[in-house]
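Text of the file final.txt, holding compact mmCIF, C-alpha atoms and all ligand atoms:
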```
# COMPACT_ATOMS: atom_id res chain seq x y z
CA MET Y 1089 353.65 182.51 66.77
CA LYS Y 1090 356.66 182.36 69.04
CA LEU Y 1091 357.56 183.76 72.40
CA LEU Y 1092 361.05 185.22 72.43
CA GLY Y 1093 361.28 186.19 76.06
CA LEU Y 1094 359.38 186.40 79.29
CA GLU Y 1095 359.95 188.59 82.32
CA LEU Y 1096 358.17 188.20 85.66
CA LYS Y 1097 358.32 190.60 88.59
CA ASN Y 1098 356.85 189.55 91.93
CA TYR Y 1099 354.67 187.00 90.19
CA ARG Y 1100 353.97 184.32 92.83
CA ASN Y 1101 357.41 182.97 93.86
CA CYS Y 1102 359.16 184.46 90.81
CA LEU Y 1103 360.52 187.76 92.11
CA ASP Y 1104 362.64 188.74 89.16
CA LEU Y 1105 362.68 186.12 86.48
CA ARG Y 1106 363.97 186.53 82.95
CA LEU Y 1107 363.62 183.73 80.47
CA ASN Y 1108 364.99 183.64 76.94
CA LEU Y 1109 362.49 181.51 75.04
CA ASN Y 1110 363.94 181.89 71.59
CA SER Y 1111 363.65 178.20 70.69
CA ASP Y 1112 360.90 175.92 69.34
CA LYS Y 1113 361.19 173.58 72.27
CA VAL Y 1114 361.87 174.70 75.81
CA LEU Y 1115 362.10 172.38 78.76
CA ILE Y 1116 361.87 173.73 82.31
CA ILE Y 1117 363.13 171.27 84.88
CA GLY Y 1118 362.66 171.67 88.60
CA LYS Y 1119 361.77 169.88 91.79
CA ASN Y 1120 358.28 170.27 93.27
CA ALA Y 1121 357.19 173.74 94.37
CA GLN Y 1122 359.99 175.64 92.57
CA GLY Y 1123 357.85 177.67 90.12
CA LYS Y 1124 357.38 175.51 86.99
CA THR Y 1125 353.61 175.85 86.90
CA ASN Y 1126 353.89 179.53 87.84
CA ILE Y 1127 355.85 180.23 84.65
CA LEU Y 1128 353.33 178.46 82.40
CA GLU Y 1129 350.47 180.06 84.31
CA SER Y 1130 351.92 183.53 83.64
CA ILE Y 1131 352.16 182.82 79.89
CA TYR Y 1132 348.61 181.49 79.87
CA PHE Y 1133 347.55 184.59 81.79
CA LEU Y 1134 348.86 186.86 79.03
CA SER Y 1135 346.68 185.04 76.52
CA ALA Y 1136 343.49 184.71 78.58
CA LEU Y 1137 343.79 187.46 81.21
CA LYS Y 1138 342.87 184.86 83.74
CA SER Y 1139 344.67 182.11 85.55
CA PRO Y 1140 343.75 178.47 84.98
CA ARG Y 1141 344.15 177.94 88.75
CA THR Y 1142 342.26 180.79 90.36
CA SER Y 1143 339.72 183.47 89.60
CA ASN Y 1144 341.36 185.76 92.15
CA ILE Y 1145 344.16 187.73 90.47
CA GLN Y 1146 345.29 188.96 93.88
CA GLU Y 1147 346.73 185.49 94.56
CA LEU Y 1148 349.27 186.01 91.79
CA ILE Y 1149 351.01 188.85 93.64
CA ASN Y 1150 354.03 187.64 95.60
CA PHE Y 1151 353.27 187.36 99.33
CA ASN Y 1152 355.72 190.17 100.19
CA SER Y 1153 354.80 192.53 97.37
CA GLN Y 1154 352.07 194.92 96.36
CA LYS Y 1155 352.20 194.41 92.60
CA PHE Y 1156 353.17 191.89 89.95
CA GLU Y 1157 354.27 192.42 86.34
CA ILE Y 1158 354.47 190.13 83.34
CA SER Y 1159 356.19 191.20 80.14
CA ALA Y 1160 356.77 189.18 77.02
CA ASP Y 1161 358.22 189.64 73.55
CA LEU Y 1162 356.86 187.55 70.76
CA VAL Y 1163 356.91 187.27 67.03
CA LYS Y 1164 353.72 186.83 65.08
CA SER Y 1165 353.47 186.79 61.26
CA ASP Y 1166 357.04 188.14 61.08
CA THR Y 1167 356.20 191.09 63.33
CA GLU Y 1168 357.69 191.54 66.78
CA ILE Y 1169 355.23 192.51 69.49
CA SER Y 1170 355.76 193.26 73.16
CA VAL Y 1171 353.04 192.91 75.77
CA PHE Y 1172 352.99 194.10 79.34
CA TYR Y 1173 350.53 193.42 82.16
CA SER Y 1174 350.63 194.60 85.75
CA TYR Y 1175 348.25 194.33 88.67
CA ASP Y 1176 348.49 195.85 92.12
CA ASN Y 1177 346.84 195.55 95.50
CA GLY Y 1178 344.56 198.46 94.71
CA LYS Y 1179 343.21 196.34 91.84
CA ASN Y 1180 344.80 198.68 89.27
CA LYS Y 1181 345.61 196.95 86.04
CA GLU Y 1182 347.89 198.12 83.29
CA LEU Y 1183 347.77 196.49 79.87
CA LYS Y 1184 350.09 197.53 77.08
CA ILE Y 1185 350.81 196.34 73.58
CA ASN Y 1186 354.07 197.75 72.19
CA GLY Y 1187 354.12 200.26 75.02
CA VAL Y 1188 350.64 201.58 74.21
CA LYS Y 1189 347.73 201.18 76.64
CA SER Y 1190 345.29 198.56 75.37
CA LYS Y 1191 341.84 197.19 76.07
CA PRO Y 1192 341.52 193.65 77.48
CA LYS Y 1193 339.67 192.59 74.32
CA ASP Y 1194 342.61 193.57 72.08
CA PHE Y 1195 345.21 192.32 74.54
CA LYS Y 1196 343.74 188.82 74.54
CA GLN Y 1197 344.08 188.68 70.76
CA VAL Y 1198 347.85 188.92 70.77
CA LEU Y 1199 348.98 185.66 72.30
CA LYS Y 1200 347.31 182.30 71.77
CA THR Y 1201 348.07 179.29 73.97
CA VAL Y 1202 346.91 175.76 74.50
CA LEU Y 1203 347.63 174.61 78.04
CA PHE Y 1204 347.71 170.92 78.81
CA SER Y 1205 348.24 170.14 82.46
CA THR Y 1206 347.67 167.22 84.77
CA THR Y 1207 344.36 168.75 85.86
CA ASP Y 1208 343.16 168.65 82.24
CA LEU Y 1209 343.64 164.90 82.30
CA LEU Y 1210 340.73 164.87 84.74
CA LEU Y 1211 338.45 166.77 82.36
CA LEU Y 1212 336.11 163.81 81.95
CA ARG Y 1213 335.95 163.21 85.70
CA GLY Y 1214 335.41 166.92 86.35
CA THR Y 1215 332.21 168.91 86.54
CA PRO Y 1216 330.14 170.09 83.55
CA GLN Y 1217 331.50 173.56 84.42
CA ASP Y 1218 335.08 172.30 83.85
CA ARG Y 1219 334.10 170.97 80.44
CA ARG Y 1220 332.24 174.15 79.50
CA ASP Y 1221 335.28 176.21 80.61
CA TRP Y 1222 337.55 174.20 78.32
CA LEU Y 1223 335.13 174.60 75.43
CA ASP Y 1224 334.57 178.33 76.00
CA ARG Y 1225 338.28 179.02 76.27
CA ALA Y 1226 338.99 177.23 72.98
CA ILE Y 1227 336.17 179.02 71.16
CA SER Y 1228 337.13 182.45 72.46
CA GLN Y 1229 340.59 182.07 70.95
CA ILE Y 1230 338.94 181.57 67.56
CA TYR Y 1231 336.04 184.04 67.77
CA PRO Y 1232 337.12 187.10 69.77
CA ALA Y 1233 333.53 188.31 70.21
CA TYR Y 1234 332.55 185.07 71.96
CA ASP Y 1235 333.95 186.15 75.34
CA GLU Y 1236 331.79 189.25 75.32
CA ARG Y 1237 328.71 187.22 74.53
CA LEU Y 1238 329.46 184.87 77.38
CA SER Y 1239 329.84 187.74 79.84
CA LYS Y 1240 326.67 189.37 78.56
CA TYR Y 1241 324.74 186.12 78.96
CA ASP Y 1242 326.11 185.63 82.47
CA LYS Y 1243 325.22 189.16 83.47
CA ILE Y 1244 321.59 188.73 82.36
CA ARG Y 1245 321.41 185.31 84.02
CA ILE Y 1246 322.60 186.74 87.34
CA GLN Y 1247 320.12 189.63 87.05
CA LYS Y 1248 317.37 187.11 86.39
CA ASN Y 1249 318.40 185.03 89.43
CA ASN Y 1250 318.32 188.13 91.63
CA PHE Y 1251 314.96 189.08 90.21
CA LEU Y 1252 313.57 185.59 90.97
CA LYS Y 1253 314.95 185.70 94.52
CA ASP Y 1254 313.50 189.17 95.13
CA ALA Y 1255 310.14 188.12 93.73
CA ALA Y 1256 310.04 185.11 96.08
CA LYS Y 1257 310.93 187.33 99.04
CA THR Y 1258 308.47 190.10 98.35
CA GLY Y 1259 305.75 187.93 96.88
CA SER Y 1260 305.21 190.39 94.05
CA PHE Y 1261 306.03 189.07 90.65
CA ASN Y 1262 306.55 191.23 87.58
CA LYS Y 1263 305.85 188.86 84.71
CA THR Y 1264 306.77 191.38 82.03
CA LEU Y 1265 310.25 191.82 83.49
CA LEU Y 1266 310.82 188.05 83.54
CA ASP Y 1267 309.83 187.92 79.87
CA VAL Y 1268 312.36 190.65 79.11
CA TYR Y 1269 315.13 188.70 80.86
CA ASN Y 1270 314.14 185.53 79.06
CA GLU Y 1271 314.08 187.24 75.69
CA GLN Y 1272 317.60 188.59 76.25
CA LEU Y 1273 318.81 185.17 77.41
CA VAL Y 1274 317.42 183.59 74.25
CA VAL Y 1275 319.17 186.09 71.98
CA THR Y 1276 322.64 185.77 73.55
CA GLY Y 1277 322.27 182.15 74.71
CA SER Y 1278 321.22 180.76 71.31
CA ASN Y 1279 324.33 182.20 69.78
CA ILE Y 1280 326.49 180.57 72.45
CA ILE Y 1281 324.81 177.21 71.94
CA PHE Y 1282 325.18 177.50 68.17
CA LEU Y 1283 328.91 178.32 68.34
CA ARG Y 1284 329.57 175.57 70.88
CA LYS Y 1285 327.83 172.98 68.71
CA LYS Y 1286 329.66 174.12 65.61
CA PHE Y 1287 333.04 174.06 67.37
CA LEU Y 1288 332.45 170.58 68.81
CA GLN Y 1289 331.48 169.22 65.39
CA GLU Y 1290 334.65 170.65 63.92
CA ILE Y 1291 336.96 169.47 66.67
CA GLU Y 1292 335.29 166.05 66.67
CA LYS Y 1293 336.38 165.46 63.06
CA ILE Y 1294 340.03 166.04 63.98
CA ALA Y 1295 339.94 164.38 67.41
CA VAL Y 1296 338.33 161.16 66.17
CA GLU Y 1297 341.26 160.49 63.86
CA LYS Y 1298 343.91 161.26 66.49
CA HIS Y 1299 342.04 159.18 69.04
CA ARG Y 1300 341.84 156.26 66.64
CA ILE Y 1301 345.60 156.36 66.06
CA ILE Y 1302 346.44 156.38 69.79
CA SER Y 1303 343.84 153.80 70.80
CA GLU Y 1304 344.35 151.74 67.60
CA THR Y 1305 340.75 150.63 67.29
CA GLU Y 1306 338.38 152.72 69.33
CA ALA Y 1307 335.79 155.11 67.96
CA LEU Y 1308 335.34 158.44 69.72
CA LYS Y 1309 332.17 160.47 69.53
CA ILE Y 1310 331.62 163.92 71.02
CA GLU Y 1311 328.17 165.30 71.70
CA TYR Y 1312 326.94 168.63 73.01
CA ASP Y 1313 324.22 167.80 75.47
CA ASN Y 1314 321.53 170.14 74.23
CA ASN Y 1315 318.74 169.13 71.89
CA PHE Y 1316 317.49 172.56 70.83
CA GLY Y 1317 318.49 171.93 67.20
CA GLU Y 1318 321.32 172.74 64.81
CA ASN Y 1319 320.53 176.09 63.24
CA ILE Y 1320 320.20 179.29 65.20
CA GLU Y 1321 316.47 179.79 64.51
CA ASP Y 1322 315.57 176.31 65.80
CA ILE Y 1323 317.81 176.78 68.83
CA ALA Y 1324 316.17 180.10 69.69
CA GLU Y 1325 312.66 178.72 69.22
CA ASN Y 1326 313.25 175.65 71.38
CA PHE Y 1327 315.14 177.61 74.02
CA LYS Y 1328 312.19 180.00 74.28
CA ALA Y 1329 309.67 177.16 74.49
CA GLU Y 1330 311.62 175.42 77.25
CA LEU Y 1331 311.91 178.65 79.24
CA GLU Y 1332 308.14 179.01 79.00
CA GLU Y 1333 307.57 175.38 79.98
CA ARG Y 1334 309.85 175.52 83.03
CA LYS Y 1335 308.84 178.97 84.24
CA GLN Y 1336 307.15 177.62 87.39
CA GLU Y 1337 310.18 175.50 88.25
CA GLU Y 1338 312.49 178.52 87.84
CA MET Y 1339 310.25 180.60 90.09
CA ARG Y 1340 310.14 177.85 92.69
CA ARG Y 1341 313.91 177.34 92.67
CA CYS Y 1342 314.65 181.06 92.31
CA GLN Y 1343 317.20 180.43 89.59
CA ALA Y 1344 317.65 180.15 85.84
CA CYS Y 1345 317.42 176.42 85.17
CA VAL Y 1346 317.44 176.45 81.37
CA GLY Y 1347 320.22 177.55 79.02
CA PRO Y 1348 323.83 177.05 77.95
CA HIS Y 1349 325.06 177.51 81.54
CA ARG Y 1350 323.54 174.09 82.23
CA ASP Y 1351 324.85 172.24 79.17
CA ASP Y 1352 327.52 169.56 79.12
CA ILE Y 1353 329.74 167.73 76.67
CA ILE Y 1354 329.41 163.98 76.46
CA PHE Y 1355 332.14 161.70 75.16
CA TYR Y 1356 331.51 158.18 73.89
CA ILE Y 1357 333.95 155.39 73.15
CA ASN Y 1358 332.51 152.74 70.83
CA GLY Y 1359 329.06 154.01 71.72
CA ASN Y 1360 329.50 153.88 75.50
CA GLU Y 1361 329.54 156.98 77.63
CA ALA Y 1362 333.19 157.54 78.58
CA VAL Y 1363 332.53 159.17 81.97
CA LYS Y 1364 330.68 156.06 83.09
CA TYR Y 1365 332.55 153.25 81.39
CA ALA Y 1366 336.00 154.32 80.18
CA SER Y 1367 339.13 153.39 82.13
CA GLN Y 1368 341.41 156.14 83.37
CA GLY Y 1369 343.79 155.50 80.46
CA GLN Y 1370 340.94 155.66 77.96
CA GLN Y 1371 339.78 158.96 79.46
CA ARG Y 1372 343.30 160.35 79.22
CA THR Y 1373 343.51 159.32 75.58
CA ILE Y 1374 340.41 161.37 74.87
CA VAL Y 1375 341.88 164.43 76.56
CA LEU Y 1376 345.19 164.02 74.72
CA ALA Y 1377 343.39 163.79 71.36
CA LEU Y 1378 341.25 166.77 72.31
CA LYS Y 1379 344.14 169.03 73.31
CA LEU Y 1380 346.13 168.29 70.18
CA SER Y 1381 343.03 168.88 68.08
CA GLU Y 1382 342.48 172.20 69.83
CA LEU Y 1383 345.94 173.24 68.69
CA ASP Y 1384 345.15 172.24 65.09
CA ILE Y 1385 341.78 173.93 64.98
CA ILE Y 1386 343.00 177.26 66.39
CA THR Y 1387 345.84 177.25 63.84
CA GLU Y 1388 343.47 176.38 61.00
CA LYS Y 1389 340.85 179.00 61.90
CA THR Y 1390 343.07 181.91 62.88
CA GLY Y 1391 346.27 181.31 60.91
CA ASP Y 1392 348.20 181.72 64.17
CA GLU Y 1393 349.81 178.69 65.67
CA PRO Y 1394 349.26 178.78 69.45
CA ILE Y 1395 352.03 178.10 71.90
CA LEU Y 1396 351.68 174.71 73.52
CA LEU Y 1397 352.23 174.65 77.28
CA LEU Y 1398 352.69 171.16 78.69
CA ASP Y 1399 352.67 171.23 82.47
CA ASP Y 1400 354.07 168.03 83.94
CA VAL Y 1401 351.77 166.05 81.76
CA LEU Y 1402 354.23 163.58 80.30
CA ALA Y 1403 354.82 161.83 83.60
CA GLU Y 1404 351.12 161.00 83.74
CA LEU Y 1405 351.02 159.27 80.36
CA ASP Y 1406 352.21 155.79 79.43
CA ASP Y 1407 354.96 155.20 76.81
CA ILE Y 1408 352.57 154.98 73.88
CA ARG Y 1409 350.83 158.25 74.74
CA GLN Y 1410 354.08 160.03 75.62
CA ASN Y 1411 355.53 159.08 72.24
CA TYR Y 1412 352.40 160.08 70.42
CA LEU Y 1413 352.36 163.46 72.11
CA LEU Y 1414 356.03 164.25 71.50
CA LYS Y 1415 355.90 163.02 67.90
CA SER Y 1416 352.72 164.95 67.13
CA ILE Y 1417 354.15 168.25 68.17
CA ASN Y 1418 354.83 169.87 64.87
CA SER Y 1419 358.38 171.19 64.73
CA ASN Y 1420 356.94 174.65 64.16
CA THR Y 1421 354.80 174.62 67.25
CA GLN Y 1422 356.61 176.36 70.03
CA THR Y 1423 356.28 174.04 72.99
CA ILE Y 1424 357.18 174.84 76.57
CA ILE Y 1425 357.34 171.78 78.76
CA THR Y 1426 357.80 171.45 82.50
CA SER Y 1427 358.98 168.31 84.19
CA VAL Y 1428 360.60 167.16 87.39
CA ASP Y 1429 363.48 165.61 85.42
CA THR Y 1430 364.68 164.81 81.92
CA VAL Y 1431 364.54 161.02 82.12
CA LEU Y 1432 361.23 160.84 80.27
CA PHE Y 1433 362.67 162.45 77.18
CA GLU Y 1434 364.61 160.60 74.51
CA ASP Y 1435 368.09 161.88 73.62
CA GLU Y 1436 366.85 162.52 70.10
CA PHE Y 1437 364.21 164.92 71.48
CA LEU Y 1438 366.56 166.61 73.95
CA LYS Y 1439 369.05 167.39 71.18
CA ASP Y 1440 367.07 170.37 69.89
CA VAL Y 1441 365.66 171.58 73.18
CA LYS Y 1442 366.61 174.57 75.28
CA ILE Y 1443 366.77 173.33 78.87
CA TYR Y 1444 366.41 175.48 81.97
CA THR Y 1445 366.44 174.56 85.61
CA ILE Y 1446 364.23 176.38 88.06
CA GLU Y 1447 364.88 176.63 91.76
CA ASN Y 1448 362.99 178.80 94.18
CA GLY Y 1449 361.56 180.98 91.41
CA CYS Y 1450 364.91 181.57 89.68
CA VAL Y 1451 366.00 179.96 86.42
CA ARG Y 1452 369.38 179.02 85.09
CA MET Y 1453 370.53 177.38 81.87
N1 LIG U 1 351.48 184.59 95.72
C1 LIG U 1 352.54 183.84 96.00
N2 LIG U 1 353.63 184.37 96.59
C2 LIG U 1 354.71 183.63 96.87
N3 LIG U 1 354.81 182.32 96.59
C3 LIG U 1 353.77 181.73 95.99
C4 LIG U 1 352.58 182.46 95.67
N4 LIG U 1 351.70 181.61 95.07
C5 LIG U 1 352.32 180.41 95.04
N5 LIG U 1 353.55 180.46 95.58
C6 LIG U 1 354.55 179.39 95.72
O1 LIG U 1 355.18 179.15 94.49
C7 LIG U 1 355.84 177.88 94.60
C8 LIG U 1 355.93 177.22 93.26
O2 LIG U 1 354.66 176.84 92.79
P1 LIG U 1 354.44 176.04 91.43
O3 LIG U 1 353.04 175.64 91.40
O4 LIG U 1 354.95 176.81 90.28
O5 LIG U 1 355.39 174.80 91.67
P2 LIG U 1 355.87 173.68 90.63
O6 LIG U 1 357.33 173.89 90.38
O7 LIG U 1 354.98 173.63 89.48
O8 LIG U 1 355.74 172.38 91.54
P3 LIG U 1 355.07 170.94 91.27
O9 LIG U 1 356.14 170.11 90.64
O10 LIG U 1 354.76 170.48 92.64
O11 LIG U 1 353.86 171.12 90.42
C9 LIG U 1 355.07 177.12 95.66
O12 LIG U 1 355.92 176.86 96.75
C10 LIG U 1 353.95 178.06 96.09
O13 LIG U 1 353.67 177.98 97.45
MG MG U 2 353.44 172.34 88.95
```
Could you quickly redo this structure as structure tokens?
Ligand SMILES: Nc1ncnc2c1ncn2[C@@H]1O[C@H](COP(=O)(O)OP(=O)(O)OP(=O)(O)O)[C@@H](O)[C@H]1O
Ligand SMILES: [Mg+2]
Amino acid sequence: MKLLGLELKNYRNCLDLRLNLNSDKVLIIGKNAQGKTNILESIYFLSALKSPRTSNIQELINFNSQKFEISADLVKSDTEISVFYSYDNGKNKELKINGVKSKPKDFKQVLKTVLFSTTDLLLLRGTPQDRRDWLDRAISQIYPAYDERLSKYDKIRIQKNNFLKDAAKTGSFNKTLLDVYNEQLVVTGSNIIFLRKKFLQEIEKIAVEKHRIISETEALKIEYDNNFGENIEDIAENFKAELEERKQEEMRRCQACVGPHRDDIIFYINGNEAVKYASQGQQRTIVLALKLSELDIITEKTGDEPILLLDDVLAELDDIRQNYLLKSINSNTQTIITSVDTVLFEDEFLKDVKIYTIENGCVRM
């Protein structure tokens, strides 16, 4: 899959930006605060319908405008597709594929991206929510129905929390209703747990090898921190049992304490938990291996090669990791890289790259 062009209107500081992306490697150079991340964010937005930086779409509208627009042309399995998204102050959204109105579910299927930014390098230091977000995003690009399941699970979980809070306030407790919520959580939640475990096992196989090459000797292990079992029946049975066991605790705390919204991913290097023992460089190596594996696994499972978006990440890696990253990018993978300057890139690499400069939200060749 390749992006051919991108157009932004009143998107953050990019008032009217047109970018020809018809190249496998694109480098966007600019000083701080010029709009480099904004461009990558807008491309990511087209693929996820959310920003990696904020959950408030309103923030993406330029300060002096009422509405932003993103349009892109891309080619996928030899077919050209155009996508268009707009959002205004009245919260009206317009989504179009080839000029025809589309549902978010279909829209998200068009463009696939893997974003690797400096914040991702902190994945291991981040919260369990950060790690679950990474995992969920990767899975939803492979199984389109996964997103819906996640939202369904979240909706029931929030209803259950409200129910528990109301029950504590009023002192009247409808046990049958709690059982209904729990039953629904088990059905949707077990599926989420199952898919997360399966995905992590698959990505682990690829990541271990990449990690070994970068680190030379170290052994990576990835574990999903949930011991409900491996097959869906066991997961459902154990999930149900734990909900029953911790019912009193949930009532006391007025919140759902059991389920995939509490799970985490644990990384080990040579048997030691990476969050606790690994150096910063070792943690970065894990993330690098993980991101490149994500690219491979999405390609393998969907037949579509995602677009790799590297936001300022090279500057944060040492020579060995920089080289590994640049050499591992398959020549067919369209890669859009932002950086403050070109010094980090070897002449050999720059030879085949389309280079743009961005200043104050405007680009030039
Ligand atoms: N809604 C908005 N309207 C107008 N400007 C905005 C809006 N949101 C962000 N900006 C501005 O866009 C500018 C560019 O931001 P961006 O994050 O893309 O910078 P960058 O080039 O990636 O810089 P850095 O190298 O520091 O990461 C910033 O000055 C920011 O304040
Ligand atoms: Mg930036």
Quick one: contact table of chain Y to ligand LIG 1 (chain U), 9 Å max, nearest atom pair and distance in Å to one decimal per residue, counting all atoms listed in the file, chain and number order, as a Markdown table?
```
| residue | atom | partner | partner_atom | distance |
| --- | --- | --- | --- | --- |
| Y:Asn1098 | CA | U:LIG1 | N2 | 7.7 |
| Y:Tyr1099 | CA | U:LIG1 | N1 | 6.8 |
| Y:Arg1100 | CA | U:LIG1 | C1 | 3.5 |
| Y:Asn1101 | CA | U:LIG1 | N3 | 3.8 |
| Y:Cys1102 | CA | U:LIG1 | N3 | 7.5 |
| Y:Leu1103 | CA | U:LIG1 | C2 | 8.6 |
| Y:Ile1117 | CA | U:LIG1 | O6 | 8.4 |
| Y:Gly1118 | CA | U:LIG1 | O6 | 6.0 |
| Y:Lys1119 | CA | U:LIG1 | O9 | 5.8 |
| Y:Asn1120 | CA | U:LIG1 | O9 | 3.4 |
| Y:Ala1121 | CA | U:LIG1 | O5 | 3.4 |
| Y:Gln1122 | CA | U:LIG1 | O6 | 3.9 |
| Y:Gly1123 | CA | U:LIG1 | O4 | 3.0 |
| Y:Lys1124 | CA | U:LIG1 | O6 | 3.8 |
| Y:Thr1125 | CA | U:LIG1 | O7 | 3.7 |
| Y:Asn1126 | CA | U:LIG1 | O4 | 3.8 |
| Y:Ile1127 | CA | U:LIG1 | O4 | 6.6 |
| Y:Leu1128 | CA | U:LIG1 | O4 | 8.2 |
| Y:Glu1129 | CA | U:LIG1 | O4 | 8.1 |
| Y:Gln1146 | CA | U:LIG1 | N1 | 7.8 |
| Y:Glu1147 | CA | U:LIG1 | N1 | 5.0 |
| Y:Leu1148 | CA | U:LIG1 | N1 | 4.7 |
| Y:Ile1149 | CA | U:LIG1 | N1 | 4.8 |
| Y:Asn1150 | CA | U:LIG1 | N2 | 3.4 |
| Y:Phe1151 | CA | U:LIG1 | N2 | 4.1 |
| Y:Asn1152 | CA | U:LIG1 | N2 | 7.1 |
| Y:Ser1153 | CA | U:LIG1 | N2 | 8.3 |
| Y:Asp1399 | CA | U:LIG1 | O7 | 7.8 |
| Y:Asp1400 | CA | U:LIG1 | O11 | 7.2 |
| Y:Thr1426 | CA | U:LIG1 | O7 | 7.8 |
| Y:Ser1427 | CA | U:LIG1 | O9 | 7.3 |
| Y:Val1428 | CA | U:LIG1 | O9 | 6.3 |
| Y:Ile1446 | CA | U:LIG1 | O6 | 7.7 |
| Y:Glu1447 | CA | U:LIG1 | O6 | 8.1 |
| Y:Asn1448 | CA | U:LIG1 | C7 | 7.2 |
| Y:Gly1449 | CA | U:LIG1 | C8 | 7.0 |
```
Write to file, as a CSV table (one decimal), in the coordinates of the input, the residues of the selection just made, with C-alpha atoms.
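Generated file (out_26.csv):
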```
chain,number,residue,atom,x,y,z
Y,1098,ASN,CA,356.8,189.6,91.9
Y,1099,TYR,CA,354.7,187.0,90.2
Y,1100,ARG,CA,354.0,184.3,92.8
Y,1101,ASN,CA,357.4,183.0,93.9
Y,1102,CYS,CA,359.2,184.5,90.8
Y,1103,LEU,CA,360.5,187.8,92.1
Y,1117,ILE,CA,363.1,171.3,84.9
Y,1118,GLY,CA,362.7,171.7,88.6
Y,1119,LYS,CA,361.8,169.9,91.8
Y,1120,ASN,CA,358.3,170.3,93.3
Y,1121,ALA,CA,357.2,173.7,94.4
Y,1122,GLN,CA,360.0,175.6,92.6
Y,1123,GLY,CA,357.8,177.7,90.1
Y,1124,LYS,CA,357.4,175.5,87.0
Y,1125,THR,CA,353.6,175.8,86.9
Y,1126,ASN,CA,353.9,179.5,87.8
Y,1127,ILE,CA,355.8,180.2,84.6
Y,1128,LEU,CA,353.3,178.5,82.4
Y,1129,GLU,CA,350.5,180.1,84.3
Y,1146,GLN,CA,345.3,189.0,93.9
Y,1147,GLU,CA,346.7,185.5,94.6
Y,1148,LEU,CA,349.3,186.0,91.8
Y,1149,ILE,CA,351.0,188.8,93.6
Y,1150,ASN,CA,354.0,187.6,95.6
Y,1151,PHE,CA,353.3,187.4,99.3
Y,1152,ASN,CA,355.7,190.2,100.2
Y,1153,SER,CA,354.8,192.5,97.4
Y,1399,ASP,CA,352.7,171.2,82.5
Y,1400,ASP,CA,354.1,168.0,83.9
Y,1426,THR,CA,357.8,171.4,82.5
Y,1427,SER,CA,359.0,168.3,84.2
Y,1428,VAL,CA,360.6,167.2,87.4
Y,1446,ILE,CA,364.2,176.4,88.1
Y,1447,GLU,CA,364.9,176.6,91.8
Y,1448,ASN,CA,363.0,178.8,94.2
Y,1449,GLY,CA,361.6,181.0,91.4
```
Please provide the set of residues having any atom within 8 Å of Y:Ala1160, restricted to all atoms listed in the file, with same-chain residues fewer than 5 positions apart removed, written as a PDB file with C-alpha atoms, in the frame of the given file.
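out.pdb written:
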```pdb
ATOM      1  CA  LEU Y1091     357.560 183.760  72.400  1.00  0.00           C
ATOM      2  CA  LEU Y1092     361.050 185.220  72.430  1.00  0.00           C
ATOM      3  CA  GLY Y1093     361.280 186.190  76.060  1.00  0.00           C
ATOM      4  CA  LEU Y1094     359.380 186.400  79.290  1.00  0.00           C
ATOM      5  CA  GLU Y1095     359.950 188.590  82.320  1.00  0.00           C
ATOM      6  CA  SER Y1170     355.760 193.260  73.160  1.00  0.00           C
ATOM      7  CA  VAL Y1171     353.040 192.910  75.770  1.00  0.00           C
ATOM      8  CA  PHE Y1172     352.990 194.100  79.340  1.00  0.00           C
TER       9      PHE Y1172
END
```
Expected residue set, 8 Å radius at (336.7, 175.5, 64.6), only C-alpha atoms, as number ranges by chain | Y: 1227, 1230, 1286-1288, 1290-1291, 1385-1386, 1388-1389
Nearest to ligand MG 2 (chain U) among Y:Leu1413, Y:Val1401, Y:Ile1281, Y:Leu1210, with distances taken over only C-alpha atoms and all ligand atoms: which residue is it?
->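 The shortest atom-to-atom distance to ligand MG 2 (chain U) comes from Y:Val1401.
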Atom CA of Y:Ile1301 and atom CA of Y:Pro1216 are how many Å apart?
-> 27.1 Å
Shell around stretch 1324-1333 of chain Y at 12 Å using all atoms listed in the file, local window under 4 positions removed, as number ranges by chain | Y: 1263, 1266-1282, 1314-1320, 1337-1339, 1343-1348
Distance query Y:Cys1342 at most 7 Å, only C-alpha atoms, self and fewer than 5 positions along chain excluded, as a list in words =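 The residues that qualify are Asn1249, Leu1252 and Lys1253 of chain Y.
Closest approach to ligand MG 2 (chain U) among Y:Ser1130, Y:Thr1206, Y:Glu1306, Y:Glu1297: Y:Thr1206, based on all atoms listed in the file.
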Which one is closest to ligand MG 2 (chain U): Y:Lys1097, Y:Lys1181, Y:Arg1245, Y:Arg1141? Count all atoms listed in the file.
-> Y:Arg1141
